[in-house]
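Q: Here's a structure for you.
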Amino acid sequence: MNIVVCVKYVPDAQADRRFTSADNTTDRSGVDGLLSELDEYPVEAALALVEAADDGKVIVLTVGPEDATDAVRKALQMGAHEAVHVLDDAIHGSDAIATSKVLAAAIGKLEYDIVMTGMASTDGTMSVVPAMLAERLSLPQVTFASELTVTDGVARIRRDGDTSTEIIEATLPAVISVTDQINEPRYPSFKGIMAAKKKPLQTWSLADLGLSADEVGLSAAWTTVEEITARPPRQAGQIITDEGDGGTKLVAFLADAKLV
Amino acid sequence: MSQVLVLVDHIDGAVRKTTLELLTIAQRLGEPAAVFIGKGFENAAATLAEYGASVAYQVEGEGIEDYLVAPKAEALAQIVQGRAQSDQLAAVLIPSSSEGKEIAARLAVKIGSGLITDAVDVQASDGGPVTTQSVFAAGYAVRAKVTTGVPVITIKPNSAAPEVVSGAPASPEVIAVAVTVSELARSAKIVERRPKEKSGRPDLSEAAIVVSGGRGTNGDFSPVEAFADALGAAVGASRAAVDAGWYPHSNQVGQTGKQVSPQLYVANGISGAIQHRAGMQTSKTIVAINKDAEAPIFELVDFGVVGDLFTVLPQATEEVVKRKG
């Protein structure tokens, strides 16, 4: 059971995330980054499956700038066996379409039964790359899993939608994305942190993937950002302490605002 | 005028509010053409026409309801690509549900078009539709456009007030589309479907008022529900409450739950961690009740009460009931 887990290096959501004014792209160097929180769940799910099969490995894959190695390193510390980092300056400013193309090309060079991802990145929050990977790799798409089992080469998930819950099945190989409901990701142990230093970490360029610079990056993007405006922070409103009339005062406020 | 495809979000032909919003936005960009996939078109036809769809593509395909995402993307690609050069589309609009975004994703790759997701507004311009997105937990507003192919845009709920078209015909012109669902699109099958139970309260992503509960409820949502019912509101829950099993995940408001933008959001016993804020920060009016005066939620509020929700909420509920007579 070999599983490729795609992960992303993202600006820390607790920090002051912003854009680079020079080209309107996300500032990935001036802001502290880390493995996207939502990517810990697929790493954990992949580790659990490989451990249960007692055979195979978890390969963690990322496309990102130099510091993106921190993301795969965290996954290796959790227990992933190998890492691949696609690093090429030309990729800067890629849209999801190009990012999925690069990931698909990298995945094409690896052996796998499952391509696994999280439900969304915490910066772009698009939730589109897994579907694009399924499209590009011609694999079944089994996504937004809140429960996952794999039995005899068949993946079975529970997907909680807006208006209904579905149970979905597909024969492997498949693209599977998991939500934050699926498990509790393990913390790296001290042993895991030490062991990670010796694990294989390959760096690939676009040339290694057979892609050219004009297929990716800002100039190849199929969308463009025209303007970014910082929203003014909300003005602090009125705050009272309840002295036996808090509820009444609350409703008086709502009535004044014509909300009641 | 160029057509604008709008993917209809419906349950057996009962058209959801998001579709009406998308048709209203489509009216700005060209001639709305609804794409209806699944059963129950007879129930939807009049509503689609009322909100501006002059044409409706009725898609039939063997077993199309047994699969998520892939067959719908194939159907849309077929409608987009099967047109004359002179008959190009202004845009394809799809709701920003999880299925909607994945359909949009696969469609964009298939037809070689740029994709913009989670737009909160779309306006026409000489160079094509311009979208607005609210990003980094509503820290920034981004204006963008698609520069290649037919713009594929997914739109969040509550992005437009639905507008009826006066003098609309009783039904759209119906164009039947037969789709052969590919082997690949059938490779992930829905083996069981469990419809969500109706709560009797408004849908969380569509509601004008949302009243939420968090860790401070200690598992007892009854004061939250009573206040919600007095206001005719939907009930939301923080991630902490959902993880503790106190409320279903489908009511979770936050980055990994629903992002809502109602007229009024009332947060009770919720500290206001960034995960939650990402789900409600753009609400027009925000009110909170929390025992902790230092809770980050108070940085966001228009009105806040430092106090116990178990005393403040019941009093507030009584006051609302009294005022409503």
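Chain labels A, B, ... are given in the sequence in which chains occur in the structure tokens; within each chain residues are numbered consecutively from 1, and ligands are likewise numbered from 1 in the order shown.
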Let's see if you can do this: from backbone DSSP, list all helix (DSSP H, G or I) residues in range 31-152 of chain B, as a PyMOL selection string.
A: chain B and resi 41-50+64-66+70-81+85-87+98-111
Q: Residues near range 192-199 of chain B, anyone? I mean within 12 Å using only C-alpha atoms, not counting same-chain ones fewer than 3 positions away, as a PyMOL selection string.
A: (chain A and resi 156-169) or (chain B and resi 11-12+65-68+189+202-204+225+229+233-235+248-251)
Q: May I have the residues of chain A within 6 Å of chain B, counting only C-alpha atoms, written as a VMD selection string?
A: chain A and resid 128 131 to 132 140 163 to 170 222 to 231 234 236 to 242 246 to 248 251
Q: Once you have the residues from the selection above, write them out as a CSV table (one decimal), in the first residue's frame, restricted to N, CA and C atoms.
A:
```
chain,number,residue,atom,x,y,z
A,128,VAL,N,-10.0,22.7,-4.8
A,128,VAL,CA,-10.2,22.3,-6.1
A,128,VAL,C,-9.1,21.4,-6.6
A,131,ALA,N,-9.8,17.5,-7.1
A,131,ALA,CA,-10.6,17.1,-8.2
A,131,ALA,C,-9.8,17.3,-9.5
A,132,MET,N,-9.0,18.3,-9.6
A,132,MET,CA,-8.2,18.5,-10.8
A,132,MET,C,-7.2,17.4,-10.9
A,140,PRO,N,-10.5,7.7,-10.1
A,140,PRO,CA,-11.7,8.0,-9.4
A,140,PRO,C,-11.4,9.1,-8.3
A,163,THR,N,-26.9,18.9,2.1
A,163,THR,CA,-28.3,18.4,2.2
A,163,THR,C,-28.4,16.9,2.4
A,164,SER,N,-27.3,16.3,2.3
A,164,SER,CA,-27.3,14.8,2.5
A,164,SER,C,-25.9,14.3,2.8
A,165,THR,N,-25.9,13.1,3.3
A,165,THR,CA,-24.6,12.4,3.6
A,165,THR,C,-24.6,11.2,2.6
A,166,GLU,N,-23.4,11.1,1.9
A,166,GLU,CA,-23.3,10.0,1.0
A,166,GLU,C,-22.2,9.0,1.4
A,167,ILE,N,-22.4,7.7,1.1
A,167,ILE,CA,-21.3,6.7,1.2
A,167,ILE,C,-20.9,6.4,-0.2
A,168,ILE,N,-19.6,6.6,-0.4
A,168,ILE,CA,-19.1,6.5,-1.8
A,168,ILE,C,-18.0,5.4,-1.8
A,169,GLU,N,-17.9,4.7,-2.9
A,169,GLU,CA,-16.9,3.6,-3.0
A,169,GLU,C,-16.2,3.7,-4.3
A,170,ALA,N,-14.9,3.4,-4.3
A,170,ALA,CA,-14.1,3.3,-5.6
A,170,ALA,C,-13.0,2.3,-5.4
A,222,TRP,N,-4.3,31.6,-15.7
A,222,TRP,CA,-5.5,31.8,-16.5
A,222,TRP,C,-6.5,32.8,-15.8
A,223,THR,N,-6.0,33.3,-14.6
A,223,THR,CA,-6.8,34.4,-14.0
A,223,THR,C,-5.8,35.5,-13.6
A,224,THR,N,-6.3,36.7,-13.3
A,224,THR,CA,-5.4,37.7,-12.9
A,224,THR,C,-6.0,38.5,-11.8
A,225,VAL,N,-5.2,39.0,-10.9
A,225,VAL,CA,-5.7,39.8,-9.8
A,225,VAL,C,-5.6,41.3,-10.2
A,226,GLU,N,-6.7,42.0,-10.1
A,226,GLU,CA,-6.7,43.4,-10.5
A,226,GLU,C,-6.4,44.3,-9.4
A,227,GLU,N,-6.9,44.0,-8.2
A,227,GLU,CA,-6.7,44.9,-7.1
A,227,GLU,C,-6.9,44.2,-5.8
A,228,ILE,N,-6.1,44.5,-4.8
A,228,ILE,CA,-6.3,43.9,-3.5
A,228,ILE,C,-6.5,45.1,-2.5
A,229,THR,N,-7.5,45.0,-1.7
A,229,THR,CA,-7.8,46.1,-0.7
A,229,THR,C,-7.8,45.5,0.6
A,230,ALA,N,-7.0,46.1,1.6
A,230,ALA,CA,-7.1,45.6,2.9
A,230,ALA,C,-8.4,46.1,3.5
A,231,ARG,N,-9.2,45.2,4.1
A,231,ARG,CA,-10.4,45.6,4.8
A,231,ARG,C,-10.1,46.3,6.1
A,234,ARG,N,-12.8,45.7,12.0
A,234,ARG,CA,-14.0,46.2,12.5
A,234,ARG,C,-13.8,47.1,13.7
A,236,ALA,N,-14.3,48.5,17.3
A,236,ALA,CA,-14.8,47.9,18.5
A,236,ALA,C,-16.2,48.5,18.8
A,237,GLY,N,-17.1,47.7,19.2
A,237,GLY,CA,-18.5,48.2,19.4
A,237,GLY,C,-18.7,48.4,20.9
A,238,GLN,N,-19.9,48.4,21.3
A,238,GLN,CA,-20.2,48.7,22.7
A,238,GLN,C,-20.2,47.3,23.5
A,239,ILE,N,-19.5,47.3,24.6
A,239,ILE,CA,-19.5,46.1,25.4
A,239,ILE,C,-19.9,46.4,26.8
A,240,ILE,N,-20.9,45.7,27.3
A,240,ILE,CA,-21.4,46.0,28.7
A,240,ILE,C,-21.2,44.7,29.5
A,241,THR,N,-21.3,44.9,30.8
A,241,THR,CA,-21.2,43.7,31.7
A,241,THR,C,-22.6,43.5,32.2
A,242,ASP,N,-23.0,42.2,32.2
A,242,ASP,CA,-24.4,41.9,32.7
A,242,ASP,C,-24.5,42.2,34.2
A,246,GLY,N,-28.5,42.4,31.1
A,246,GLY,CA,-27.8,42.2,29.9
A,246,GLY,C,-28.6,41.8,28.7
A,247,GLY,N,-29.5,40.9,29.0
A,247,GLY,CA,-30.4,40.4,27.9
A,247,GLY,C,-31.3,41.5,27.3
A,248,THR,N,-31.8,42.3,28.3
A,248,THR,CA,-32.7,43.4,27.9
A,248,THR,C,-32.0,44.4,27.0
A,251,VAL,N,-31.3,43.2,23.5
A,251,VAL,CA,-32.4,43.3,22.6
A,251,VAL,C,-32.7,44.8,22.2
```
Q: Mind pulling up the distance from CA of Gly30 in chain B to CA of Asn158 in chain B?
A: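 CA of Gly30 in chain B lies at a distance of 20.6 Å from CA of Asn158 in chain B.
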Q: Looking at only C-alpha atoms, which of A:Arg28, A:Lys74, A:Lys109, A:Lys8 is the one that sits closest to Lys197 in chain A?
A: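 Answer, going by the shortest atom-to-atom distance: A:Lys74.
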